[in-house]
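Notes follow once the structure below has been shown.
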Amino acid sequence: MTDRRPDCVYGVLVRDGRVFVRLMDGHFGLPGGVFRPMAEDRKVELTAHLWDQLGIEAASIWGQGAFIYRNPEEDREKFCGFYSVWDWTGDVPPEAGRWLTDTELAMTALPASLRILLFSILQTHAMKTT
């Protein structure tokens, strides 16, 4: 096990049994982006990306894993960290992408590693406790 610093951080927004995929030049990917070299907190960086790209403020972010991935807006594969986002304020703009169920997810052209991660997140049941 390693705590290797990711090159990029990406968020998997989850709501009502669906995950959000961002539309970029006709391809689906995830919201997020570069984890800047001087940045120290992955969740803070992801929160900033989500604000910039979708206009939402993430409140509940959980680490899910990391692997080599190329988001459609990137020119090459990078080592990326993935985080599920279960709670946020603001509305995701409809034109920013699409919400997918597990059935719809199975029919996408997303890389297998990303589809497996999204399926596993959809099978997770998050419960808010006080």
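Following the order of the structure tokens, chains are lettered A, B, ..., residues in each are numbered from 1, and ligands are numbered from 1.
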Please identify the strand (DSSP E) residues within chain A (assignment by DSSP from backbone atoms) and present them as an mmCIF file with all heavy atoms, in the first residue's frame.
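Printed below is out.cif as written:
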data_model
loop_
_atom_site.group_PDB
_atom_site.id
_atom_site.type_symbol
_atom_site.label_atom_id
_atom_site.label_comp_id
_atom_site.auth_asym_id
_atom_site.auth_seq_id
_atom_site.Cartn_x
_atom_site.Cartn_y
_atom_site.Cartn_z
ATOM 1 N N CYS A 8 -3.821 14.043 -10.431
ATOM 2 C CA CYS A 8 -5.151 14.641 -10.592
ATOM 3 C C CYS A 8 -6.086 14.080 -9.526
ATOM 4 O O CYS A 8 -5.848 12.993 -8.998
ATOM 5 C CB CYS A 8 -5.726 14.314 -11.972
ATOM 6 S SG CYS A 8 -4.790 15.012 -13.338
ATOM 7 N N VAL A 9 -7.144 14.827 -9.237
ATOM 8 C CA VAL A 9 -8.188 14.367 -8.323
ATOM 9 C C VAL A 9 -9.530 14.505 -9.030
ATOM 10 O O VAL A 9 -9.792 15.513 -9.694
ATOM 11 C CB VAL A 9 -8.189 15.158 -6.991
ATOM 12 C CG1 VAL A 9 -6.969 14.819 -6.161
ATOM 13 C CG2 VAL A 9 -8.259 16.660 -7.215
ATOM 14 N N TYR A 10 -10.369 13.467 -8.901
ATOM 15 C CA TYR A 10 -11.670 13.462 -9.566
ATOM 16 C C TYR A 10 -12.761 13.075 -8.594
ATOM 17 O O TYR A 10 -12.553 12.254 -7.697
ATOM 18 C CB TYR A 10 -11.667 12.499 -10.751
ATOM 19 C CG TYR A 10 -10.793 12.994 -11.876
ATOM 20 C CD1 TYR A 10 -9.549 12.434 -12.102
ATOM 21 C CD2 TYR A 10 -11.203 14.054 -12.677
ATOM 22 C CE1 TYR A 10 -8.733 12.903 -13.117
ATOM 23 C CE2 TYR A 10 -10.382 14.531 -13.686
ATOM 24 C CZ TYR A 10 -9.161 13.953 -13.907
ATOM 25 O OH TYR A 10 -8.357 14.435 -14.904
ATOM 26 N N GLY A 11 -13.939 13.659 -8.794
ATOM 27 C CA GLY A 11 -15.069 13.399 -7.926
ATOM 28 C C GLY A 11 -16.146 12.594 -8.615
ATOM 29 O O GLY A 11 -16.430 12.789 -9.795
ATOM 30 N N VAL A 12 -16.747 11.688 -7.839
ATOM 31 C CA VAL A 12 -17.882 10.902 -8.310
ATOM 32 C C VAL A 12 -19.088 11.371 -7.508
ATOM 33 O O VAL A 12 -19.235 11.026 -6.334
ATOM 34 C CB VAL A 12 -17.649 9.389 -8.093
ATOM 35 C CG1 VAL A 12 -18.858 8.601 -8.575
ATOM 36 C CG2 VAL A 12 -16.370 8.933 -8.784
ATOM 37 N N LEU A 13 -19.916 12.191 -8.125
ATOM 38 C CA LEU A 13 -21.115 12.686 -7.462
ATOM 39 C C LEU A 13 -22.162 11.583 -7.472
ATOM 40 O O LEU A 13 -22.408 10.957 -8.511
ATOM 41 C CB LEU A 13 -21.668 13.911 -8.184
ATOM 42 C CG LEU A 13 -21.006 15.246 -7.856
ATOM 43 C CD1 LEU A 13 -19.551 15.269 -8.238
ATOM 44 C CD2 LEU A 13 -21.756 16.375 -8.523
ATOM 45 N N VAL A 14 -22.777 11.344 -6.299
ATOM 46 C CA VAL A 14 -23.748 10.266 -6.149
ATOM 47 C C VAL A 14 -25.047 10.843 -5.590
ATOM 48 O O VAL A 14 -25.030 11.549 -4.579
ATOM 49 C CB VAL A 14 -23.235 9.177 -5.178
ATOM 50 C CG1 VAL A 14 -24.209 8.011 -5.114
ATOM 51 C CG2 VAL A 14 -21.845 8.715 -5.559
ATOM 52 N N ARG A 15 -26.155 10.517 -6.262
ATOM 53 C CA ARG A 15 -27.456 10.969 -5.764
ATOM 54 C C ARG A 15 -28.551 10.071 -6.331
ATOM 55 O O ARG A 15 -28.573 9.807 -7.527
ATOM 56 C CB ARG A 15 -27.698 12.423 -6.157
ATOM 57 C CG ARG A 15 -29.013 12.938 -5.587
ATOM 58 C CD ARG A 15 -29.072 14.424 -5.440
ATOM 59 N NE ARG A 15 -28.258 14.898 -4.326
ATOM 60 C CZ ARG A 15 -27.940 16.169 -4.150
ATOM 61 N NH1 ARG A 15 -28.341 17.072 -5.008
ATOM 62 N NH2 ARG A 15 -27.212 16.537 -3.115
ATOM 63 N N ARG A 18 -27.718 7.167 -8.704
ATOM 64 C CA ARG A 18 -27.088 7.524 -9.977
ATOM 65 C C ARG A 18 -25.759 8.215 -9.711
ATOM 66 O O ARG A 18 -25.558 8.813 -8.656
ATOM 67 C CB ARG A 18 -27.996 8.471 -10.774
ATOM 68 C CG ARG A 18 -29.332 7.857 -11.131
ATOM 69 C CD ARG A 18 -30.253 8.819 -11.837
ATOM 70 N NE ARG A 18 -30.521 9.958 -10.945
ATOM 71 C CZ ARG A 18 -30.908 11.157 -11.376
ATOM 72 N NH1 ARG A 18 -31.049 11.398 -12.648
ATOM 73 N NH2 ARG A 18 -31.140 12.125 -10.526
ATOM 74 N N VAL A 19 -24.860 8.134 -10.683
ATOM 75 C CA VAL A 19 -23.585 8.847 -10.624
ATOM 76 C C VAL A 19 -23.559 9.864 -11.761
ATOM 77 O O VAL A 19 -24.171 9.663 -12.808
ATOM 78 C CB VAL A 19 -22.365 7.902 -10.727
ATOM 79 C CG1 VAL A 19 -22.262 7.029 -9.501
ATOM 80 C CG2 VAL A 19 -22.408 7.079 -11.983
ATOM 81 N N PHE A 20 -22.823 10.938 -11.528
ATOM 82 C CA PHE A 20 -22.733 12.003 -12.522
ATOM 83 C C PHE A 20 -21.457 11.858 -13.337
ATOM 84 O O PHE A 20 -20.370 11.662 -12.781
ATOM 85 C CB PHE A 20 -22.730 13.371 -11.834
ATOM 86 C CG PHE A 20 -22.619 14.523 -12.788
ATOM 87 C CD1 PHE A 20 -23.720 14.949 -13.497
ATOM 88 C CD2 PHE A 20 -21.404 15.154 -12.978
ATOM 89 C CE1 PHE A 20 -23.614 15.998 -14.390
ATOM 90 C CE2 PHE A 20 -21.284 16.211 -13.863
ATOM 91 C CZ PHE A 20 -22.398 16.638 -14.577
ATOM 92 N N VAL A 21 -21.594 11.925 -14.660
ATOM 93 C CA VAL A 21 -20.437 11.971 -15.549
ATOM 94 C C VAL A 21 -20.498 13.289 -16.306
ATOM 95 O O VAL A 21 -21.557 13.723 -16.743
ATOM 96 C CB VAL A 21 -20.362 10.770 -16.517
ATOM 97 C CG1 VAL A 21 -19.997 9.498 -15.769
ATOM 98 C CG2 VAL A 21 -21.660 10.586 -17.286
ATOM 99 N N ARG A 22 -19.368 13.918 -16.394
ATOM 100 C CA ARG A 22 -19.259 15.226 -17.041
ATOM 101 C C ARG A 22 -19.055 15.040 -18.543
ATOM 102 O O ARG A 22 -18.328 14.144 -18.977
ATOM 103 C CB ARG A 22 -18.074 15.966 -16.425
ATOM 104 C CG ARG A 22 -18.024 17.411 -16.747
ATOM 105 C CD ARG A 22 -16.980 18.096 -15.862
ATOM 106 N NE ARG A 22 -16.498 19.236 -16.592
ATOM 107 C CZ ARG A 22 -15.236 19.505 -16.839
ATOM 108 N NH1 ARG A 22 -14.296 18.726 -16.361
ATOM 109 N NH2 ARG A 22 -14.900 20.559 -17.516
ATOM 110 N N LEU A 23 -19.690 15.881 -19.329
ATOM 111 C CA LEU A 23 -19.556 15.822 -20.779
ATOM 112 C C LEU A 23 -18.440 16.765 -21.216
ATOM 113 O O LEU A 23 -18.460 17.949 -20.896
ATOM 114 C CB LEU A 23 -20.875 16.218 -21.445
ATOM 115 C CG LEU A 23 -20.939 16.095 -22.953
ATOM 116 C CD1 LEU A 23 -20.661 14.666 -23.397
ATOM 117 C CD2 LEU A 23 -22.302 16.534 -23.453
ATOM 118 N N MET A 24 -17.451 16.202 -21.940
ATOM 119 C CA MET A 24 -16.303 16.978 -22.412
ATOM 120 C C MET A 24 -16.028 16.613 -23.862
ATOM 121 O O MET A 24 -15.618 15.479 -24.136
ATOM 122 C CB MET A 24 -15.069 16.686 -21.556
ATOM 123 C CG MET A 24 -15.192 17.140 -20.122
ATOM 124 S SD MET A 24 -13.896 16.450 -19.089
ATOM 125 C CE MET A 24 -14.691 14.956 -18.546
ATOM 126 N N HIS A 27 -17.383 13.333 -25.018
ATOM 127 C CA HIS A 27 -16.993 12.157 -24.241
ATOM 128 C C HIS A 27 -17.345 12.375 -22.778
ATOM 129 O O HIS A 27 -17.343 13.496 -22.288
ATOM 130 C CB HIS A 27 -15.488 11.901 -24.358
ATOM 131 C CG HIS A 27 -15.035 11.677 -25.761
ATOM 132 N ND1 HIS A 27 -15.193 10.483 -26.406
ATOM 133 C CD2 HIS A 27 -14.447 12.513 -26.643
ATOM 134 C CE1 HIS A 27 -14.718 10.585 -27.624
ATOM 135 N NE2 HIS A 27 -14.258 11.812 -27.800
ATOM 136 N N PHE A 28 -17.609 11.276 -22.081
ATOM 137 C CA PHE A 28 -17.898 11.356 -20.654
ATOM 138 C C PHE A 28 -16.640 11.148 -19.833
ATOM 139 O O PHE A 28 -15.794 10.319 -20.159
ATOM 140 C CB PHE A 28 -18.934 10.309 -20.243
ATOM 141 C CG PHE A 28 -20.312 10.595 -20.733
ATOM 142 C CD1 PHE A 28 -20.996 9.668 -21.486
ATOM 143 C CD2 PHE A 28 -20.931 11.797 -20.441
ATOM 144 C CE1 PHE A 28 -22.274 9.919 -21.934
ATOM 145 C CE2 PHE A 28 -22.217 12.063 -20.883
ATOM 146 C CZ PHE A 28 -22.894 11.121 -21.631
ATOM 147 N N GLY A 29 -16.532 11.912 -18.777
ATOM 148 C CA GLY A 29 -15.443 11.797 -17.822
ATOM 149 C C GLY A 29 -15.959 12.235 -16.470
ATOM 150 O O GLY A 29 -17.162 12.305 -16.242
ATOM 151 N N GLY A 32 -13.276 17.337 -11.968
ATOM 152 C CA GLY A 32 -12.027 17.360 -11.199
ATOM 153 C C GLY A 32 -10.914 17.869 -12.078
ATOM 154 O O GLY A 32 -11.146 18.529 -13.092
ATOM 155 N N GLY A 33 -9.688 17.571 -11.706
ATOM 156 C CA GLY A 33 -8.559 18.009 -12.508
ATOM 157 C C GLY A 33 -7.248 17.893 -11.770
ATOM 158 O O GLY A 33 -7.103 17.094 -10.838
ATOM 159 N N VAL A 34 -6.325 18.714 -12.155
ATOM 160 C CA VAL A 34 -4.942 18.664 -11.666
ATOM 161 C C VAL A 34 -4.868 18.916 -10.166
ATOM 162 O O VAL A 34 -5.530 19.803 -9.627
ATOM 163 C CB VAL A 34 -4.086 19.703 -12.425
ATOM 164 C CG1 VAL A 34 -2.675 19.789 -11.852
ATOM 165 C CG2 VAL A 34 -4.035 19.368 -13.903
ATOM 166 N N GLU A 57 -20.815 23.270 -3.993
ATOM 167 C CA GLU A 57 -19.871 23.226 -2.873
ATOM 168 C C GLU A 57 -20.018 21.895 -2.157
ATOM 169 O O GLU A 57 -21.039 21.620 -1.521
ATOM 170 C CB GLU A 57 -20.138 24.372 -1.904
ATOM 171 C CG GLU A 57 -19.090 24.465 -0.841
ATOM 172 C CD GLU A 57 -19.221 25.721 0.019
ATOM 173 O OE1 GLU A 57 -19.950 26.645 -0.370
ATOM 174 O OE2 GLU A 57 -18.583 25.748 1.073
ATOM 175 N N ALA A 58 -18.999 21.052 -2.300
ATOM 176 C CA ALA A 58 -19.037 19.712 -1.722
ATOM 177 C C ALA A 58 -18.964 19.761 -0.209
ATOM 178 O O ALA A 58 -18.209 20.538 0.360
ATOM 179 C CB ALA A 58 -17.883 18.881 -2.281
ATOM 180 N N ALA A 59 -19.762 18.906 0.438
ATOM 181 C CA ALA A 59 -19.772 18.845 1.894
ATOM 182 C C ALA A 59 -19.285 17.502 2.429
ATOM 183 O O ALA A 59 -18.667 17.440 3.479
ATOM 184 C CB ALA A 59 -21.187 19.123 2.411
ATOM 185 N N SER A 60 -19.571 16.409 1.724
ATOM 186 C CA SER A 60 -19.167 15.066 2.171
ATOM 187 C C SER A 60 -18.363 14.396 1.071
ATOM 188 O O SER A 60 -18.905 14.025 0.032
ATOM 189 C CB SER A 60 -20.397 14.212 2.492
ATOM 190 O OG SER A 60 -21.114 14.765 3.562
ATOM 191 N N ILE A 61 -17.060 14.222 1.305
ATOM 192 C CA ILE A 61 -16.158 13.625 0.317
ATOM 193 C C ILE A 61 -15.442 12.450 0.963
ATOM 194 O O ILE A 61 -14.855 12.588 2.033
ATOM 195 C CB ILE A 61 -15.125 14.659 -0.178
ATOM 196 C CG1 ILE A 61 -15.830 15.858 -0.810
ATOM 197 C CG2 ILE A 61 -14.155 14.012 -1.153
ATOM 198 C CD1 ILE A 61 -14.887 16.979 -1.206
ATOM 199 N N TRP A 62 -15.493 11.298 0.294
ATOM 200 C CA TRP A 62 -14.834 10.101 0.801
ATOM 201 C C TRP A 62 -13.836 9.598 -0.221
ATOM 202 O O TRP A 62 -14.141 9.489 -1.408
ATOM 203 C CB TRP A 62 -15.834 8.976 1.055
ATOM 204 C CG TRP A 62 -16.841 9.244 2.125
ATOM 205 C CD1 TRP A 62 -16.886 10.286 2.996
ATOM 206 C CD2 TRP A 62 -17.970 8.439 2.424
ATOM 207 N NE1 TRP A 62 -17.958 10.172 3.826
ATOM 208 C CE2 TRP A 62 -18.653 9.053 3.492
ATOM 209 C CE3 TRP A 62 -18.479 7.265 1.909
ATOM 210 C CZ2 TRP A 62 -19.807 8.514 4.049
ATOM 211 C CZ3 TRP A 62 -19.625 6.740 2.462
ATOM 212 C CH2 TRP A 62 -20.279 7.342 3.517
ATOM 213 N N GLY A 63 -12.626 9.254 0.225
ATOM 214 C CA GLY A 63 -11.618 8.666 -0.655
ATOM 215 C C GLY A 63 -12.057 7.289 -1.124
ATOM 216 O O GLY A 63 -12.586 6.504 -0.332
ATOM 217 N N GLN A 64 -11.847 6.998 -2.408
ATOM 218 C CA GLN A 64 -12.278 5.716 -2.964
ATOM 219 C C GLN A 64 -11.144 4.890 -3.555
ATOM 220 O O GLN A 64 -11.270 3.693 -3.700
ATOM 221 C CB GLN A 64 -13.341 5.940 -4.054
ATOM 222 C CG GLN A 64 -14.617 6.520 -3.533
ATOM 223 C CD GLN A 64 -15.353 5.564 -2.600
ATOM 224 O OE1 GLN A 64 -15.261 4.352 -2.712
ATOM 225 N NE2 GLN A 64 -16.079 6.127 -1.652
ATOM 226 N N GLY A 65 -10.066 5.525 -3.944
ATOM 227 C CA GLY A 65 -8.971 4.768 -4.526
ATOM 228 C C GLY A 65 -8.214 5.599 -5.532
ATOM 229 O O GLY A 65 -8.510 6.776 -5.744
ATOM 230 N N ALA A 66 -7.234 4.971 -6.174
ATOM 231 C CA ALA A 66 -6.416 5.681 -7.152
ATOM 232 C C ALA A 66 -5.889 4.683 -8.176
ATOM 233 O O ALA A 66 -5.618 3.528 -7.843
ATOM 234 C CB ALA A 66 -5.255 6.384 -6.459
ATOM 235 N N PHE A 67 -5.801 5.135 -9.414
ATOM 236 C CA PHE A 67 -5.233 4.318 -10.483
ATOM 237 C C PHE A 67 -4.894 5.209 -11.671
ATOM 238 O O PHE A 67 -5.232 6.390 -11.695
ATOM 239 C CB PHE A 67 -6.156 3.158 -10.885
ATOM 240 C CG PHE A 67 -7.581 3.537 -11.178
ATOM 241 C CD1 PHE A 67 -7.973 4.022 -12.423
ATOM 242 C CD2 PHE A 67 -8.559 3.374 -10.199
ATOM 243 C CE1 PHE A 67 -9.290 4.348 -12.684
ATOM 244 C CE2 PHE A 67 -9.888 3.698 -10.451
ATOM 245 C CZ PHE A 67 -10.257 4.181 -11.702
ATOM 246 N N ILE A 68 -4.240 4.627 -12.652
ATOM 247 C CA ILE A 68 -3.870 5.345 -13.862
ATOM 248 C C ILE A 68 -5.129 5.544 -14.706
ATOM 249 O O ILE A 68 -5.877 4.591 -14.952
ATOM 250 C CB ILE A 68 -2.808 4.550 -14.675
ATOM 251 C CG1 ILE A 68 -1.555 4.332 -13.842
ATOM 252 C CG2 ILE A 68 -2.487 5.262 -15.982
ATOM 253 C CD1 ILE A 68 -0.806 5.587 -13.458
ATOM 254 N N TYR A 69 -5.362 6.775 -15.139
ATOM 255 C CA TYR A 69 -6.590 7.123 -15.864
ATOM 256 C C TYR A 69 -6.324 8.344 -16.732
ATOM 257 O O TYR A 69 -5.509 9.190 -16.387
ATOM 258 C CB TYR A 69 -7.701 7.405 -14.846
ATOM 259 C CG TYR A 69 -8.952 8.025 -15.402
ATOM 260 C CD1 TYR A 69 -9.787 7.316 -16.252
ATOM 261 C CD2 TYR A 69 -9.300 9.330 -15.069
ATOM 262 C CE1 TYR A 69 -10.945 7.890 -16.749
ATOM 263 C CE2 TYR A 69 -10.453 9.908 -15.560
ATOM 264 C CZ TYR A 69 -11.282 9.192 -16.408
ATOM 265 O OH TYR A 69 -12.419 9.753 -16.902
ATOM 266 N N LYS A 78 -2.654 9.677 -16.389
ATOM 267 C CA LYS A 78 -1.991 10.166 -15.178
ATOM 268 C C LYS A 78 -2.447 9.319 -13.999
ATOM 269 O O LYS A 78 -3.483 8.662 -14.057
ATOM 270 C CB LYS A 78 -2.351 11.636 -14.928
ATOM 271 C CG LYS A 78 -1.875 12.567 -16.021
ATOM 272 C CD LYS A 78 -2.271 13.997 -15.736
ATOM 273 C CE LYS A 78 -1.766 14.907 -16.842
ATOM 274 N NZ LYS A 78 -2.171 16.271 -16.658
ATOM 275 N N PHE A 79 -1.675 9.379 -12.912
ATOM 276 C CA PHE A 79 -2.071 8.714 -11.685
ATOM 277 C C PHE A 79 -3.097 9.610 -11.000
ATOM 278 O O PHE A 79 -2.802 10.769 -10.667
ATOM 279 C CB PHE A 79 -0.864 8.473 -10.778
ATOM 280 C CG PHE A 79 -1.205 7.718 -9.534
ATOM 281 C CD1 PHE A 79 -1.597 6.388 -9.599
ATOM 282 C CD2 PHE A 79 -1.126 8.325 -8.297
ATOM 283 C CE1 PHE A 79 -1.911 5.686 -8.446
ATOM 284 C CE2 PHE A 79 -1.439 7.638 -7.139
ATOM 285 C CZ PHE A 79 -1.827 6.316 -7.213
ATOM 286 N N CYS A 80 -4.310 9.096 -10.807
ATOM 287 C CA CYS A 80 -5.421 9.918 -10.329
ATOM 288 C C CYS A 80 -6.048 9.352 -9.059
ATOM 289 O O CYS A 80 -6.169 8.139 -8.909
ATOM 290 C CB CYS A 80 -6.500 9.993 -11.403
ATOM 291 S SG CYS A 80 -5.912 10.646 -12.972
ATOM 292 N N GLY A 81 -6.457 10.266 -8.183
ATOM 293 C CA GLY A 81 -7.194 9.896 -6.988
ATOM 294 C C GLY A 81 -8.678 10.129 -7.231
ATOM 295 O O GLY A 81 -9.065 11.103 -7.878
ATOM 296 N N PHE A 82 -9.509 9.215 -6.718
ATOM 297 C CA PHE A 82 -10.958 9.293 -6.933
ATOM 298 C C PHE A 82 -11.672 9.380 -5.592
ATOM 299 O O PHE A 82 -11.329 8.670 -4.645
ATOM 300 C CB PHE A 82 -11.436 8.063 -7.706
ATOM 301 C CG PHE A 82 -10.830 7.983 -9.070
ATOM 302 C CD1 PHE A 82 -9.641 7.308 -9.272
ATOM 303 C CD2 PHE A 82 -11.418 8.621 -10.147
ATOM 304 C CE1 PHE A 82 -9.056 7.242 -10.527
ATOM 305 C CE2 PHE A 82 -10.845 8.568 -11.406
ATOM 306 C CZ PHE A 82 -9.665 7.876 -11.598
ATOM 307 N N TYR A 83 -12.673 10.234 -5.536
ATOM 308 C CA TYR A 83 -13.387 10.529 -4.306
ATOM 309 C C TYR A 83 -14.877 10.563 -4.582
ATOM 310 O O TYR A 83 -15.308 11.171 -5.562
ATOM 311 C CB TYR A 83 -12.942 11.896 -3.742
ATOM 312 C CG TYR A 83 -11.462 11.928 -3.497
ATOM 313 C CD1 TYR A 83 -10.574 12.200 -4.528
ATOM 314 C CD2 TYR A 83 -10.947 11.617 -2.249
ATOM 315 C CE1 TYR A 83 -9.203 12.178 -4.329
ATOM 316 C CE2 TYR A 83 -9.574 11.589 -2.034
ATOM 317 C CZ TYR A 83 -8.713 11.867 -3.079
ATOM 318 O OH TYR A 83 -7.357 11.832 -2.872
ATOM 319 N N SER A 84 -15.661 9.907 -3.741
ATOM 320 C CA SER A 84 -17.110 9.995 -3.893
ATOM 321 C C SER A 84 -17.590 11.234 -3.145
ATOM 322 O O SER A 84 -17.066 11.595 -2.099
ATOM 323 C CB SER A 84 -17.802 8.731 -3.388
ATOM 324 O OG SER A 84 -17.491 8.483 -2.041
ATOM 325 N N VAL A 85 -18.581 11.885 -3.729
ATOM 326 C CA VAL A 85 -19.153 13.102 -3.161
ATOM 327 C C VAL A 85 -20.639 12.821 -2.956
ATOM 328 O O VAL A 85 -21.382 12.623 -3.914
ATOM 329 C CB VAL A 85 -18.953 14.319 -4.098
ATOM 330 C CG1 VAL A 85 -19.514 15.584 -3.470
ATOM 331 C CG2 VAL A 85 -17.480 14.476 -4.445
ATOM 332 N N TRP A 86 -21.042 12.787 -1.695
ATOM 333 C CA TRP A 86 -22.402 12.379 -1.353
ATOM 334 C C TRP A 86 -23.309 13.548 -0.975
ATOM 335 O O TRP A 86 -24.528 13.389 -0.941
ATOM 336 C CB TRP A 86 -22.347 11.399 -0.183
ATOM 337 C CG TRP A 86 -21.636 10.144 -0.536
ATOM 338 C CD1 TRP A 86 -20.289 9.918 -0.462
ATOM 339 C CD2 TRP A 86 -22.201 8.957 -1.068
ATOM 340 N NE1 TRP A 86 -19.990 8.651 -0.899
ATOM 341 C CE2 TRP A 86 -21.151 8.045 -1.277
ATOM 342 C CE3 TRP A 86 -23.502 8.573 -1.385
ATOM 343 C CZ2 TRP A 86 -21.358 6.768 -1.783
ATOM 344 C CZ3 TRP A 86 -23.705 7.297 -1.878
ATOM 345 C CH2 TRP A 86 -22.654 6.417 -2.081
ATOM 346 N N ASP A 87 -22.735 14.669 -0.678
ATOM 347 C CA ASP A 87 -23.549 15.796 -0.230
ATOM 348 C C ASP A 87 -22.900 17.081 -0.711
ATOM 349 O O ASP A 87 -21.676 17.224 -0.642
ATOM 350 C CB ASP A 87 -23.639 15.779 1.306
ATOM 351 C CG ASP A 87 -24.656 16.764 1.842
ATOM 352 O OD1 ASP A 87 -25.637 17.070 1.139
ATOM 353 O OD2 ASP A 87 -24.457 17.239 2.979
ATOM 354 N N TRP A 88 -23.718 17.999 -1.215
ATOM 355 C CA TRP A 88 -23.221 19.283 -1.697
ATOM 356 C C TRP A 88 -24.353 20.285 -1.718
ATOM 357 O O TRP A 88 -25.521 19.924 -1.624
ATOM 358 C CB TRP A 88 -22.600 19.150 -3.097
ATOM 359 C CG TRP A 88 -23.561 18.670 -4.153
ATOM 360 C CD1 TRP A 88 -24.404 19.436 -4.922
ATOM 361 C CD2 TRP A 88 -23.795 17.324 -4.549
ATOM 362 N NE1 TRP A 88 -25.143 18.640 -5.765
ATOM 363 C CE2 TRP A 88 -24.777 17.339 -5.566
ATOM 364 C CE3 TRP A 88 -23.260 16.103 -4.162
ATOM 365 C CZ2 TRP A 88 -25.242 16.185 -6.179
ATOM 366 C CZ3 TRP A 88 -23.734 14.957 -4.782
ATOM 367 C CH2 TRP A 88 -24.700 15.005 -5.775
ATOM 368 N N THR A 89 -23.993 21.557 -1.797
ATOM 369 C CA THR A 89 -24.981 22.612 -1.947
ATOM 370 C C THR A 89 -24.866 23.160 -3.361
ATOM 371 O O THR A 89 -23.777 23.210 -3.940
ATOM 372 C CB THR A 89 -24.792 23.744 -0.919
ATOM 373 O OG1 THR A 89 -23.461 24.248 -1.024
ATOM 374 C CG2 THR A 89 -25.033 23.244 0.497
ATOM 375 N N GLY A 97 -23.414 17.594 -17.961
ATOM 376 C CA GLY A 97 -23.174 16.171 -18.115
ATOM 377 C C GLY A 97 -24.445 15.380 -17.973
ATOM 378 O O GLY A 97 -25.522 15.855 -18.308
ATOM 379 N N ARG A 98 -24.307 14.176 -17.413
ATOM 380 C CA ARG A 98 -25.450 13.279 -17.340
ATOM 381 C C ARG A 98 -25.386 12.423 -16.078
ATOM 382 O O ARG A 98 -24.315 12.013 -15.646
ATOM 383 C CB ARG A 98 -25.409 12.370 -18.564
ATOM 384 C CG ARG A 98 -26.658 11.623 -18.787
ATOM 385 C CD ARG A 98 -26.734 11.097 -20.193
ATOM 386 N NE ARG A 98 -27.701 10.037 -20.167
ATOM 387 C CZ ARG A 98 -27.653 8.965 -20.897
ATOM 388 N NH1 ARG A 98 -26.698 8.813 -21.767
ATOM 389 N NH2 ARG A 98 -28.570 8.048 -20.791
ATOM 390 N N TRP A 99 -26.553 12.158 -15.507
ATOM 391 C CA TRP A 99 -26.671 11.258 -14.359
ATOM 392 C C TRP A 99 -26.976 9.868 -14.897
ATOM 393 O O TRP A 99 -27.887 9.696 -15.700
ATOM 394 C CB TRP A 99 -27.797 11.724 -13.433
ATOM 395 C CG TRP A 99 -27.468 12.991 -12.728
ATOM 396 C CD1 TRP A 99 -27.769 14.261 -13.115
ATOM 397 C CD2 TRP A 99 -26.746 13.110 -11.505
ATOM 398 N NE1 TRP A 99 -27.282 15.163 -12.213
ATOM 399 C CE2 TRP A 99 -26.649 14.486 -11.211
ATOM 400 C CE3 TRP A 99 -26.173 12.191 -10.634
ATOM 401 C CZ2 TRP A 99 -26.005 14.962 -10.075
ATOM 402 C CZ3 TRP A 99 -25.534 12.664 -9.497
ATOM 403 C CH2 TRP A 99 -25.453 14.027 -9.226
ATOM 404 N N LEU A 100 -26.202 8.855 -14.463
ATOM 405 C CA LEU A 100 -26.350 7.505 -14.977
ATOM 406 C C LEU A 100 -26.702 6.507 -13.879
ATOM 407 O O LEU A 100 -26.115 6.536 -12.792
ATOM 408 C CB LEU A 100 -25.043 7.034 -15.623
ATOM 409 C CG LEU A 100 -24.502 7.845 -16.797
ATOM 410 C CD1 LEU A 100 -23.142 7.310 -17.207
ATOM 411 C CD2 LEU A 100 -25.473 7.818 -17.959
#
**Request:** Mind listing the alpha helix (DSSP H) residues of stretch 31-100 of chain A, per DSSP on the backbone, as an MDAnalysis selection string?
**Result:** chainID A and resid 42:54
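The coordinates place atom CA of A:Glu40 at 22.3 Å from atom CA of A:Gly55.
With only C-alpha atoms as the basis for measurement, A:Leu30 is the residue among A:Leu50, A:Val44, A:Ile116, A:Leu30 that approaches A:Glu74 most closely.
Between atom CA of A:His49 and atom CA of A:Ala106 there is a distance of 26.4 Å.
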